[in-house]
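Undergrad: Handing over target.cif, mmCIF, C-alpha atoms and all ligand atoms.
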data_structure
#
loop_
_atom_site.label_atom_id
_atom_site.label_comp_id
_atom_site.auth_asym_id
_atom_site.auth_seq_id
_atom_site.Cartn_x
_atom_site.Cartn_y
_atom_site.Cartn_z
CA MET E 1 -17.71 -11.79 -4.83
CA THR E 2 -17.37 -14.32 -2.09
CA SER E 3 -19.29 -13.86 1.12
CA THR E 4 -19.14 -14.85 4.77
CA SER E 5 -20.76 -18.20 3.93
CA ASP E 6 -18.30 -19.09 1.18
CA ALA E 7 -16.76 -22.21 2.73
CA PRO E 8 -14.38 -23.08 -0.18
CA ALA E 9 -12.95 -19.52 -0.13
CA SER E 10 -12.48 -19.72 3.66
CA ALA E 11 -10.70 -23.06 3.36
CA ALA E 12 -8.50 -21.74 0.53
CA ALA E 13 -7.55 -18.64 2.54
CA ALA E 14 -6.82 -20.72 5.66
CA SER E 15 -4.52 -22.96 3.66
CA LEU E 16 -2.71 -20.00 1.98
CA LEU E 17 -2.21 -18.30 5.33
CA ALA E 18 -0.96 -21.48 6.99
CA GLU E 19 1.56 -21.95 4.20
CA ALA E 20 2.64 -18.28 4.33
CA ARG E 21 3.09 -18.55 8.11
CA THR E 22 5.24 -21.66 7.91
CA ARG E 23 7.44 -20.33 5.11
CA THR E 24 7.79 -16.74 6.33
CA ASP E 25 8.27 -17.72 9.97
CA ALA E 26 11.17 -19.97 8.91
CA ARG E 27 12.85 -17.03 7.11
CA LEU E 28 12.24 -14.66 9.99
CA ALA E 29 13.58 -17.19 12.51
CA ASN E 30 16.73 -17.49 10.41
CA TRP E 31 17.15 -13.70 10.41
CA ALA E 32 16.46 -13.62 14.14
CA ARG E 33 19.38 -16.02 14.78
CA ARG E 34 21.66 -14.02 12.48
CA LEU E 35 20.78 -10.78 14.27
CA GLU E 36 21.24 -12.34 17.70
CA ASP E 37 24.77 -13.27 16.58
CA ARG E 38 25.56 -9.98 14.86
CA VAL E 39 23.96 -7.50 17.26
CA GLY E 40 24.05 -9.59 20.41
CA GLY E 41 22.95 -8.65 23.92
CA ARG E 42 19.61 -7.14 24.80
CA ASP E 43 19.11 -5.53 21.38
CA GLY E 44 19.76 -8.84 19.61
CA ALA E 45 17.31 -10.64 21.88
CA ALA E 46 14.66 -7.93 21.40
CA LEU E 47 15.10 -8.00 17.60
CA ALA E 48 14.54 -11.77 17.69
CA TYR E 49 11.52 -11.35 20.01
CA ALA E 50 9.90 -8.91 17.58
CA LEU E 51 10.73 -10.85 14.42
CA GLU E 52 9.49 -14.14 15.86
CA SER E 53 6.23 -12.83 17.27
CA PRO E 54 3.37 -14.87 15.78
CA GLY E 55 1.58 -12.69 13.21
CA LYS E 56 -1.16 -13.84 10.86
CA ARG E 57 1.20 -13.17 7.89
CA VAL E 58 -1.56 -11.75 5.69
CA ARG E 59 0.94 -9.55 3.85
CA ALA E 60 3.22 -12.55 3.25
CA ALA E 61 0.27 -14.54 1.87
CA LEU E 62 -0.49 -11.67 -0.52
CA VAL E 63 3.13 -11.59 -1.73
CA LEU E 64 3.12 -15.35 -2.36
CA SER E 65 -0.30 -15.38 -4.03
CA ALA E 66 0.39 -12.36 -6.27
CA TYR E 67 3.73 -13.92 -7.29
CA ARG E 68 2.12 -17.21 -8.25
CA ALA E 69 -0.80 -15.51 -9.97
CA VAL E 70 1.58 -14.02 -12.52
CA GLY E 71 3.56 -17.22 -13.03
CA GLY E 72 6.26 -17.03 -10.31
CA GLU E 73 7.56 -20.42 -9.18
CA SER E 74 10.63 -19.97 -6.98
CA SER E 75 10.53 -20.62 -3.24
CA GLU E 76 12.95 -17.70 -2.86
CA ILE E 77 9.86 -15.46 -2.94
CA ASP E 78 9.68 -16.29 0.78
CA GLY E 79 12.46 -13.75 1.35
CA VAL E 80 10.37 -10.99 -0.28
CA ALA E 81 7.45 -11.93 1.97
CA ALA E 82 9.80 -11.83 4.98
CA ALA E 83 11.01 -8.34 3.98
CA VAL E 84 7.44 -7.01 3.90
CA GLU E 85 6.65 -8.67 7.24
CA THR E 86 9.81 -7.11 8.69
CA VAL E 87 8.60 -3.61 7.77
CA HIS E 88 5.19 -4.51 9.21
CA THR E 89 6.84 -5.76 12.43
CA TYR E 90 8.78 -2.52 12.85
CA SER E 91 5.52 -0.58 12.48
CA LEU E 92 3.84 -2.68 15.19
CA VAL E 93 6.76 -2.27 17.60
CA HIS E 94 6.63 1.52 17.19
CA ASP E 95 2.81 1.69 17.05
CA ASP E 96 2.67 0.12 20.53
CA LEU E 97 5.08 2.65 22.11
CA PRO E 98 3.72 5.02 24.76
CA CYS E 99 4.19 8.00 22.39
CA MET E 100 1.87 6.31 19.86
CA ASP E 101 -0.93 3.86 20.74
CA ASP E 102 0.62 2.90 24.09
CA ASP E 103 -0.28 -0.77 24.30
CA ASP E 104 0.88 -3.70 26.42
CA LEU E 105 -0.40 -6.60 24.32
CA ARG E 106 0.43 -7.59 20.74
CA ARG E 107 0.02 -10.93 19.01
CA GLY E 108 -1.02 -12.42 22.32
CA ARG E 109 2.26 -11.44 24.00
CA ALA E 110 3.76 -8.48 25.82
CA THR E 111 4.65 -5.66 23.40
CA THR E 112 8.39 -5.28 22.78
CA HIS E 113 8.78 -2.25 25.08
CA ARG E 114 6.95 -4.16 27.84
CA ALA E 115 8.99 -7.35 27.39
CA PHE E 116 12.23 -5.32 27.24
CA ASP E 117 12.20 -1.54 27.80
CA LEU E 118 11.39 1.67 25.97
CA PRO E 119 14.86 2.56 24.59
CA THR E 120 15.41 -1.03 23.43
CA ALA E 121 12.04 -1.24 21.65
CA THR E 122 12.59 2.17 20.04
CA ARG E 123 15.99 1.04 18.72
CA VAL E 124 14.57 -2.31 17.58
CA GLY E 125 11.89 -0.59 15.51
CA PHE E 126 14.46 1.61 13.77
CA LEU E 127 16.90 -1.27 13.30
CA LEU E 128 14.26 -3.39 11.58
CA VAL E 129 14.07 -0.92 8.66
CA PRO E 130 17.63 -1.57 7.38
CA VAL E 131 17.13 -5.24 8.25
CA ALA E 132 14.12 -5.25 5.89
CA ALA E 133 16.30 -3.74 3.14
CA GLU E 134 18.86 -6.49 3.67
CA VAL E 135 16.21 -9.23 3.69
CA LEU E 136 14.78 -7.86 0.43
CA SER E 137 18.15 -7.47 -1.22
CA GLU E 138 19.17 -11.04 -0.35
CA ALA E 139 15.84 -12.40 -1.62
CA VAL E 140 16.01 -10.51 -4.92
CA GLY E 141 19.55 -11.83 -5.43
CA ALA E 142 18.38 -15.40 -4.71
CA LEU E 143 15.52 -14.95 -7.19
CA GLY E 144 18.15 -14.12 -9.82
CA LEU E 145 16.59 -10.75 -10.62
CA PRO E 146 18.68 -7.84 -11.94
CA ALA E 147 19.64 -4.78 -9.86
CA VAL E 148 16.99 -2.72 -11.61
CA ALA E 149 14.30 -5.03 -10.19
CA LEU E 150 15.76 -4.63 -6.70
CA GLY E 151 15.62 -0.85 -7.17
CA ARG E 152 11.98 -0.93 -8.20
CA MET E 153 10.97 -3.34 -5.42
CA ALA E 154 12.86 -1.38 -2.76
CA ALA E 155 11.24 1.85 -3.96
CA GLU E 156 7.77 0.24 -3.72
CA LEU E 157 8.39 -1.17 -0.25
CA PHE E 158 10.00 1.88 1.32
CA GLN E 159 7.72 4.44 -0.32
CA ALA E 160 4.82 2.44 1.11
CA GLY E 161 6.51 2.68 4.50
CA GLY E 162 7.20 6.38 4.17
CA VAL E 163 5.54 9.76 4.41
CA GLU E 164 3.18 9.08 1.49
CA GLY E 165 2.26 5.75 3.09
CA MET E 166 2.54 4.23 6.53
CA VAL E 167 4.37 7.00 8.39
CA GLY E 168 2.18 9.68 6.77
CA GLY E 169 -1.02 7.79 7.60
CA GLN E 170 0.05 7.11 11.17
CA TRP E 171 1.00 10.77 11.56
CA LEU E 172 -2.47 11.87 10.43
CA ASP E 173 -4.03 9.26 12.72
CA LEU E 174 -2.12 10.48 15.79
CA GLU E 175 -2.70 14.13 14.98
CA ALA E 176 -6.45 13.48 14.67
CA GLU E 177 -6.89 11.78 18.07
CA GLY E 178 -9.81 13.36 19.91
CA ARG E 179 -11.02 15.10 16.74
CA ARG E 180 -13.77 13.83 14.45
CA LEU E 181 -12.55 13.11 10.93
CA ASP E 182 -14.92 13.04 7.99
CA LEU E 183 -14.96 10.01 5.70
CA PRO E 184 -12.51 11.32 3.05
CA GLU E 185 -10.01 12.21 5.81
CA LEU E 186 -10.43 8.77 7.36
CA VAL E 187 -9.90 7.07 3.99
CA ALA E 188 -6.61 9.00 3.70
CA VAL E 189 -5.52 7.72 7.14
CA HIS E 190 -6.47 4.12 6.34
CA ARG E 191 -4.88 4.23 2.90
CA GLY E 192 -1.60 5.46 4.33
CA LYS E 193 -1.30 3.74 7.69
CA THR E 194 -2.45 0.28 6.59
CA GLY E 195 -3.31 0.24 2.89
CA ALA E 196 0.04 1.27 1.45
CA LEU E 197 1.96 -1.76 2.77
CA ILE E 198 -0.82 -4.15 1.72
CA ARG E 199 -0.82 -2.64 -1.76
CA ALA E 200 2.99 -2.96 -1.84
CA SER E 201 2.74 -6.65 -0.84
CA CYS E 202 0.68 -7.35 -3.98
CA VAL E 203 2.92 -5.22 -6.22
CA LEU E 204 6.12 -6.82 -4.90
CA GLY E 205 4.75 -10.30 -5.67
CA GLY E 206 4.13 -9.18 -9.25
CA LEU E 207 7.51 -7.46 -9.63
CA ALA E 208 9.32 -10.53 -8.28
CA ALA E 209 7.85 -12.53 -11.18
CA SER E 210 8.74 -9.76 -13.69
CA ALA E 211 5.04 -9.34 -14.53
CA PRO E 212 4.11 -6.88 -17.27
CA ASP E 213 2.99 -3.36 -16.30
CA ALA E 214 -0.72 -4.06 -16.91
CA GLU E 215 -0.65 -6.90 -14.35
CA ILE E 216 1.33 -4.82 -11.85
CA ALA E 217 -1.32 -2.09 -12.22
CA ALA E 218 -4.12 -4.63 -11.62
CA LEU E 219 -2.34 -5.97 -8.53
CA ALA E 220 -1.82 -2.42 -7.26
CA ALA E 221 -5.51 -1.57 -7.73
CA PHE E 222 -6.52 -4.81 -5.99
CA GLY E 223 -4.11 -4.10 -3.13
CA GLU E 224 -5.31 -0.53 -2.72
CA ASP E 225 -8.92 -1.64 -2.18
CA ILE E 226 -8.17 -4.58 0.10
CA GLY E 227 -5.76 -2.38 2.06
CA VAL E 228 -8.53 0.02 3.05
CA ALA E 229 -10.95 -2.91 3.54
CA PHE E 230 -8.39 -4.49 5.90
CA GLN E 231 -8.32 -1.40 8.14
CA ILE E 232 -12.13 -1.10 8.11
CA ALA E 233 -12.32 -4.74 9.26
CA ASP E 234 -9.73 -3.85 11.92
CA ASP E 235 -11.97 -0.98 13.10
CA VAL E 236 -14.91 -3.39 13.34
CA LEU E 237 -12.88 -5.99 15.25
CA ASP E 238 -11.57 -3.36 17.66
CA ALA E 239 -15.19 -2.46 18.45
CA THR E 240 -16.66 -5.97 18.53
CA GLY E 241 -13.83 -8.41 19.41
CA THR E 242 -12.18 -9.41 22.67
CA SER E 243 -8.53 -8.85 23.59
CA GLU E 244 -8.15 -12.61 23.93
CA ALA E 245 -9.39 -13.29 20.40
CA LEU E 246 -7.49 -10.37 18.86
CA GLY E 247 -4.22 -10.88 20.74
CA LYS E 248 -4.17 -7.11 21.28
CA THR E 249 -6.19 -4.78 23.48
CA ALA E 250 -9.76 -4.48 22.17
CA GLY E 251 -11.58 -1.15 22.35
CA ARG E 252 -8.36 0.82 21.97
CA ASP E 253 -9.78 3.11 19.24
CA THR E 254 -12.50 4.43 21.53
CA ALA E 255 -10.07 4.74 24.46
CA LEU E 256 -7.72 6.83 22.32
CA GLY E 257 -10.51 8.95 20.81
CA LYS E 258 -9.77 7.77 17.27
CA SER E 259 -12.07 8.28 14.32
CA THR E 260 -13.03 4.94 12.78
CA TYR E 261 -15.46 3.59 10.21
CA VAL E 262 -17.51 2.14 13.07
CA GLN E 263 -17.77 5.53 14.74
CA ILE E 264 -18.83 7.22 11.49
CA LEU E 265 -21.01 4.50 9.89
CA GLY E 266 -21.82 2.00 12.66
CA VAL E 267 -20.76 -1.68 12.68
CA ASP E 268 -23.13 -2.97 9.99
CA GLN E 269 -22.43 -0.27 7.43
CA ALA E 270 -18.70 -0.44 8.13
CA ARG E 271 -18.80 -4.19 7.42
CA ALA E 272 -20.79 -3.57 4.26
CA GLU E 273 -18.25 -0.99 3.06
CA ALA E 274 -15.38 -3.42 3.68
CA GLU E 275 -17.22 -6.10 1.68
CA ARG E 276 -17.95 -3.63 -1.14
CA LEU E 277 -14.24 -2.74 -1.36
CA ALA E 278 -13.20 -6.41 -1.30
CA ALA E 279 -15.60 -7.14 -4.16
CA ARG E 280 -14.30 -4.15 -6.11
CA ALA E 281 -10.72 -5.30 -5.46
CA VAL E 282 -11.46 -8.68 -7.04
CA SER E 283 -13.14 -7.04 -10.03
CA ARG E 284 -9.95 -4.99 -10.60
CA LEU E 285 -8.15 -8.25 -11.45
CA GLY E 286 -10.65 -9.22 -14.16
CA GLY E 287 -9.19 -10.00 -17.56
CA THR E 288 -5.66 -10.59 -16.23
CA ARG E 289 -3.81 -13.73 -15.13
CA CYS E 290 -4.25 -12.49 -11.55
CA ALA E 291 -8.01 -13.25 -11.58
CA LEU E 292 -7.43 -16.44 -9.60
CA PRO E 293 -9.41 -17.88 -6.67
CA SER E 294 -6.41 -17.45 -4.32
CA LEU E 295 -6.40 -13.63 -4.36
CA ALA E 296 -10.22 -13.54 -4.17
CA ALA E 297 -10.09 -15.92 -1.20
CA LEU E 298 -7.63 -13.64 0.61
CA ALA E 299 -9.85 -10.61 -0.13
CA ASN E 300 -12.78 -12.51 1.38
CA TYR E 301 -10.70 -13.52 4.42
CA ILE E 302 -9.61 -9.91 4.99
CA VAL E 303 -13.19 -8.73 5.46
CA THR E 304 -14.58 -11.78 7.29
CA ARG E 305 -11.68 -12.58 9.66
CA SER E 306 -12.21 -12.79 13.41
CA SER E 307 -8.72 -11.66 14.50
C1 LIG U 1 6.75 8.18 13.08
C2 LIG U 1 4.32 8.89 12.80
C3 LIG U 1 5.36 7.82 12.75
C4 LIG U 1 4.99 6.56 12.39
C5 LIG U 1 5.87 5.37 12.38
C6 LIG U 1 4.34 3.15 13.73
C7 LIG U 1 4.13 3.49 12.31
C8 LIG U 1 5.20 4.22 11.59
C9 LIG U 1 3.02 3.15 11.67
C10 LIG U 1 1.92 2.37 12.28
C11 LIG U 1 1.20 1.61 11.24
C12 LIG U 1 0.22 0.62 11.81
C13 LIG U 1 0.61 -0.18 12.99
C14 LIG U 1 -0.96 0.47 11.24
C15 LIG U 1 -1.97 -0.51 11.68
C16 LIG U 1 -1.97 -1.63 10.71
C17 LIG U 1 -2.70 -2.83 11.22
C18 LIG U 1 -4.14 -2.95 11.01
C19 LIG U 1 -1.98 -3.77 11.88
C20 LIG U 1 -2.49 -5.07 12.28
O1 LIG U 1 -2.17 -5.96 11.21
P1 LIG U 1 -2.46 -7.50 11.32
O2 LIG U 1 -3.85 -7.70 11.81
O3 LIG U 1 -1.45 -7.91 12.47
O4 LIG U 1 -2.10 -8.15 10.04
P2 LIG U 1 -0.58 -9.24 12.66
O5 LIG U 1 -0.20 -9.18 14.10
O6 LIG U 1 -1.45 -10.43 12.35
O7 LIG U 1 0.57 -9.14 11.74
#
Can you dump the structure from the file as structure tokens?

TA:
Amino acid sequence: MTSTSDAPASAAAASLLAEARTRTDARLANWARRLEDRVGGRDGAALAYALESPGKRVRAALVLSAYRAVGGESSEIDGVAAAVETVHTYSLVHDDLPCMDDDDLRRGRATTHRAFDLPTATRVGFLLVPVAAEVLSEAVGALGLPAVALGRMAAELFQAGGVEGMVGGQWLDLEAEGRRLDLPELVAVHRGKTGALIRASCVLGGLAASAPDAEIAALAAFGEDIGVAFQIADDVLDATGTSEALGKTAGRDTALGKSTYVQILGVDQARAEAERLAARAVSRLGGTRCALPSLAALANYIVTRSS
């Protein structure tokens, strides 16, 4: 497994993320203009504000890399990456609301409810879910895939966003505020709230290239491990980073009384657990076409990132 000092892996991840940002941001900007026209007014402007906020596009990079790893070649995969990032964006808009994590800063800018208002941001979050379905459907059509592929990809994406995934994990997380979770309970929160969409990003890349079931299973196993590793790294950054570097309020987990890996294991052991999971993720790809440096580089980035 790569480590913090693996310069080629860092350079490879930086280049994959830069490419994913350019390509996905272009798609999202296009959707932002379409929604401004279609929805108009304050809601249209707020939808565009949320969609065009500058994310790292880690999930998009995973979609693109998984797709290529199993032989995908079309640039229309960008639309699949944009669909995943749209679901992620909705989750951030709602996560920041006063009834959830109540935050003012996201991606270095005012959160959507701060830049606009609470009813607008609430509507924008909900509206982004059908927008994501439309973005996915258009992309799958452009990739020339059959309806059955769209069905499978939509099921993966929206199950990951649902009660067995992101909503379920967030629910557990909110319900547990001020209460100490044990490690298995915390893993369940991390797997749902963050891991499910990261796993789905990898699976969707594979499905878009019509990869065989064994490769989809390997991508899913990889995604499951890096998904939890991603949230552990997020716990560490929340405890050790600055708001300026993170683009969101640091120290929020402690302020909200959340259970985190850092609280249970301390910073060093939490980092070590994230690295162990990233290494295991990469080993899950062994013996398949997916065992490429690009996915390993992204796994390394996920646990060594500084924002
Ligand atoms: C109704 C209970 C209920 C939930 C609604 C709001 C929500 C669904 C889920 C929240 C999920 C969430 C925000 C999890 C945190 C995931 C996470 C670590 C986000 C940060 O991801 P980055 O670092 O962010 O990739 P950027 O800004 O780079 O995209």

Undergrad: What is the distance between atom CA of E:Pro54 and atom CA of E:Asp25, in Å to one decimal?

TA: 8.1 Å

Undergrad: Tell me, counting all atoms listed in the file, for each residue of chain E within 6 Å of ligand LIG 1 (chain U), which pair of atoms is nearest and how far apart they are in Å to one decimal, in rows ordered by chain and increasing number, as CSV.

TA:
residue,atom,partner,partner_atom,distance
E:Gly55,CA,U:LIG1,O6,3.9
E:Lys56,CA,U:LIG1,O6,3.7
E:Arg57,CA,U:LIG1,O7,5.6
E:Val58,CA,U:LIG1,O4,5.7
E:Ser91,CA,U:LIG1,C6,4.1
E:Leu92,CA,U:LIG1,C13,4.6
E:His94,CA,U:LIG1,C6,4.5
E:Asp95,CA,U:LIG1,C6,3.9
E:Arg107,CA,U:LIG1,O5,5.2
E:Met166,CA,U:LIG1,C9,5.3
E:Val167,CA,U:LIG1,C4,4.1
E:Gln170,CA,U:LIG1,C2,4.9
E:Trp171,CA,U:LIG1,C2,4.0
E:Lys193,CA,U:LIG1,C11,4.8
E:Thr194,CA,U:LIG1,C16,4.6
E:Gln231,CA,U:LIG1,C18,5.3
E:Asp234,CA,U:LIG1,C18,5.7

Undergrad: Convert the current residue selection to file output with C-alpha atoms, as a PDB file, in the coordinates of the input.

TA:
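Output below, filename again16.pdb:
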ATOM      1  CA  GLY E  55       1.580 -12.690  13.210  1.00  0.00           C
ATOM      2  CA  LYS E  56      -1.160 -13.840  10.860  1.00  0.00           C
ATOM      3  CA  ARG E  57       1.200 -13.170   7.890  1.00  0.00           C
ATOM      4  CA  VAL E  58      -1.560 -11.750   5.690  1.00  0.00           C
ATOM      5  CA  SER E  91       5.520  -0.580  12.480  1.00  0.00           C
ATOM      6  CA  LEU E  92       3.840  -2.680  15.190  1.00  0.00           C
ATOM      7  CA  HIS E  94       6.630   1.520  17.190  1.00  0.00           C
ATOM      8  CA  ASP E  95       2.810   1.690  17.050  1.00  0.00           C
ATOM      9  CA  ARG E 107       0.020 -10.930  19.010  1.00  0.00           C
ATOM     10  CA  MET E 166       2.540   4.230   6.530  1.00  0.00           C
ATOM     11  CA  VAL E 167       4.370   7.000   8.390  1.00  0.00           C
ATOM     12  CA  GLN E 170       0.050   7.110  11.170  1.00  0.00           C
ATOM     13  CA  TRP E 171       1.000  10.770  11.560  1.00  0.00           C
ATOM     14  CA  LYS E 193      -1.300   3.740   7.690  1.00  0.00           C
ATOM     15  CA  THR E 194      -2.450   0.280   6.590  1.00  0.00           C
ATOM     16  CA  GLN E 231      -8.320  -1.400   8.140  1.00  0.00           C
ATOM     17  CA  ASP E 234      -9.730  -3.850  11.920  1.00  0.00           C
TER      18      ASP E 234
END

Undergrad: Is it possible to get the residues within 8 Å of (-9.8, -11.6, -1.5) (coordinates as in the file, counting only C-alpha atoms) written as a compact mmCIF listing (two decimals) with C-alpha atoms, in the frame of the given file?

TA:
# COMPACT_ATOMS: atom_id res chain seq x y z
CA ILE E 226 -8.17 -4.58 0.10
CA ALA E 278 -13.20 -6.41 -1.30
CA ALA E 279 -15.60 -7.14 -4.16
CA ALA E 281 -10.72 -5.30 -5.46
CA VAL E 282 -11.46 -8.68 -7.04
CA SER E 294 -6.41 -17.45 -4.32
CA LEU E 295 -6.40 -13.63 -4.36
CA ALA E 296 -10.22 -13.54 -4.17
CA ALA E 297 -10.09 -15.92 -1.20
CA LEU E 298 -7.63 -13.64 0.61
CA ALA E 299 -9.85 -10.61 -0.13
CA ASN E 300 -12.78 -12.51 1.38
CA TYR E 301 -10.70 -13.52 4.42
CA ILE E 302 -9.61 -9.91 4.99

Undergrad: Identify the residues around (-4.5, -3.6, 23.6) within a radius of 10 Å, measuring from all atoms listed in the file in the coordinates stated by the file, and give them as a PyMOL selection string.

TA: chain E and resi 96+101-108+110-111+238+242-244+246-253

Undergrad: Calculated over all atoms listed in the file, which of the candidates E:Leu64, E:Ser201, E:Arg179, E:Asp6 has the smallest distance to E:Glu85?

TA: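 Answer, going by the shortest atom-to-atom distance: E:Ser201.
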
Undergrad: Identify which of the residues E:Gly162, E:Ser283, E:Leu207, E:Leu143 lies closest to E:Asp78, counting all atoms listed in the file when measuring atom-to-atom distances.

TA: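 Selected residue with least distance to E:Asp78: E:Leu143.
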
Undergrad: Rounded to one decimal, what separation in Å do you get between atom CA of E:Leu157 and atom CA of E:Leu97?

TA: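 Going from atom CA of E:Leu157 over to atom CA of E:Leu97 covers 22.9 Å.
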
Undergrad: As AutoDock Vina command-line options, what would the box around stretch 287-298 of chain E look like: edges along x, y and z, 6 Å added on every side, centre and edge lengths in Å to one decimal?

TA:
--center_x -7.0 --center_y -13.9 --center_z -8.5 --size_x 18.4 --size_y 19.9 --size_z 30.2

Undergrad: Would you mind telling me which residue in E:Ala20, E:Ile264, E:Leu51, E:Cys290 lies nearest to E:Val131 when using only C-alpha atoms?

TA: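 Result for the nearest residue to E:Val131: E:Leu51.
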
Undergrad: Find, counting only C-alpha atoms, the residue in E:Ala200, E:Ala233, E:Ala221, E:Ala133 that gets nearest to E:Glu156.

TA: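 Among the listed residues, the smallest separation from E:Glu156 belongs to E:Ala200.
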
Undergrad: Hey, which of E:Ala139, E:Arg109, E:Asp182, E:Asp43 ends up closest to E:Phe126? Count only C-alpha atoms.

TA: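 Under the stated criterion, the closest residue is E:Asp43.
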
Undergrad: List the neighbours of stretch 33-37 of chain E out to 12 Å using all atoms listed in the file; skip same-chain residues closer than 3 positions along the sequence, and give me the result as a PyMOL selection string.

TA: chain E and resi 26-30+40-52+124+127-128+130-131+134-135

Undergrad: Please write the residues from the selection above to a file, keeping C-alpha atoms, as a CSV table (one decimal), in the coordinates of the input.

TA:
chain,number,residue,atom,x,y,z
E,26,ALA,CA,11.2,-20.0,8.9
E,27,ARG,CA,12.8,-17.0,7.1
E,28,LEU,CA,12.2,-14.7,10.0
E,29,ALA,CA,13.6,-17.2,12.5
E,30,ASN,CA,16.7,-17.5,10.4
E,40,GLY,CA,24.0,-9.6,20.4
E,41,GLY,CA,23.0,-8.6,23.9
E,42,ARG,CA,19.6,-7.1,24.8
E,43,ASP,CA,19.1,-5.5,21.4
E,44,GLY,CA,19.8,-8.8,19.6
E,45,ALA,CA,17.3,-10.6,21.9
E,46,ALA,CA,14.7,-7.9,21.4
E,47,LEU,CA,15.1,-8.0,17.6
E,48,ALA,CA,14.5,-11.8,17.7
E,49,TYR,CA,11.5,-11.4,20.0
E,50,ALA,CA,9.9,-8.9,17.6
E,51,LEU,CA,10.7,-10.8,14.4
E,52,GLU,CA,9.5,-14.1,15.9
E,124,VAL,CA,14.6,-2.3,17.6
E,127,LEU,CA,16.9,-1.3,13.3
E,128,LEU,CA,14.3,-3.4,11.6
E,130,PRO,CA,17.6,-1.6,7.4
E,131,VAL,CA,17.1,-5.2,8.2
E,134,GLU,CA,18.9,-6.5,3.7
E,135,VAL,CA,16.2,-9.2,3.7

Undergrad: Please measure the separation of atom CA of E:Ala155 and atom CA of E:Glu76, giving the value in Å to one decimal.

TA: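 These atoms are spaced 19.7 Å apart.
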
Undergrad: Restricting the calculation to only C-alpha atoms: of E:Gly178, E:Glu19, E:Ala270, E:Ser210, which residue gets closest to E:Ala149?

TA: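 Checking each of E:Gly178, E:Glu19, E:Ala270, E:Ser210 against E:Ala149, counting only C-alpha atoms, the winner is E:Ser210.
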
Undergrad: Since the input has fewer atoms than a full residue there, write stretch 169-179 of chain E out with N, CA, C and O atoms, as a CSV table (one decimal), in the frame of the given file.

TA:
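This went into rebuild.csv:
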chain,number,residue,atom,x,y,z
E,169,GLY,N,0.3,8.2,7.1
E,169,GLY,CA,-1.0,7.8,7.6
E,169,GLY,C,-1.1,7.7,9.1
E,169,GLY,O,-2.0,8.2,9.7
E,170,GLN,N,0.0,7.2,9.7
E,170,GLN,CA,0.0,7.1,11.2
E,170,GLN,C,0.1,8.5,11.8
E,170,GLN,O,-0.5,8.8,12.8
E,171,TRP,N,0.9,9.4,11.1
E,171,TRP,CA,1.0,10.8,11.6
E,171,TRP,C,-0.4,11.4,11.6
E,171,TRP,O,-0.8,12.1,12.6
E,172,LEU,N,-1.1,11.3,10.5
E,172,LEU,CA,-2.5,11.9,10.4
E,172,LEU,C,-3.4,11.3,11.5
E,172,LEU,O,-4.1,12.0,12.2
E,173,ASP,N,-3.2,10.0,11.7
E,173,ASP,CA,-4.0,9.3,12.7
E,173,ASP,C,-3.8,9.8,14.1
E,173,ASP,O,-4.7,10.1,14.9
E,174,LEU,N,-2.5,10.0,14.5
E,174,LEU,CA,-2.1,10.5,15.8
E,174,LEU,C,-2.6,11.9,16.0
E,174,LEU,O,-3.1,12.3,17.0
E,175,GLU,N,-2.4,12.7,14.9
E,175,GLU,CA,-2.7,14.1,15.0
E,175,GLU,C,-4.2,14.3,15.1
E,175,GLU,O,-4.6,15.3,15.7
E,176,ALA,N,-5.0,13.3,14.7
E,176,ALA,CA,-6.4,13.5,14.7
E,176,ALA,C,-7.1,12.9,15.9
E,176,ALA,O,-8.3,13.0,16.1
E,177,GLU,N,-6.3,12.4,16.9
E,177,GLU,CA,-6.9,11.8,18.1
E,177,GLU,C,-7.7,12.8,18.8
E,177,GLU,O,-7.3,14.0,19.0
E,178,GLY,N,-8.9,12.4,19.2
E,178,GLY,CA,-9.8,13.4,19.9
E,178,GLY,C,-10.6,14.3,19.0
E,178,GLY,O,-11.3,15.2,19.5
E,179,ARG,N,-10.3,14.2,17.7
E,179,ARG,CA,-11.0,15.1,16.7
E,179,ARG,C,-11.8,14.2,15.8
E,179,ARG,O,-11.3,13.1,15.4
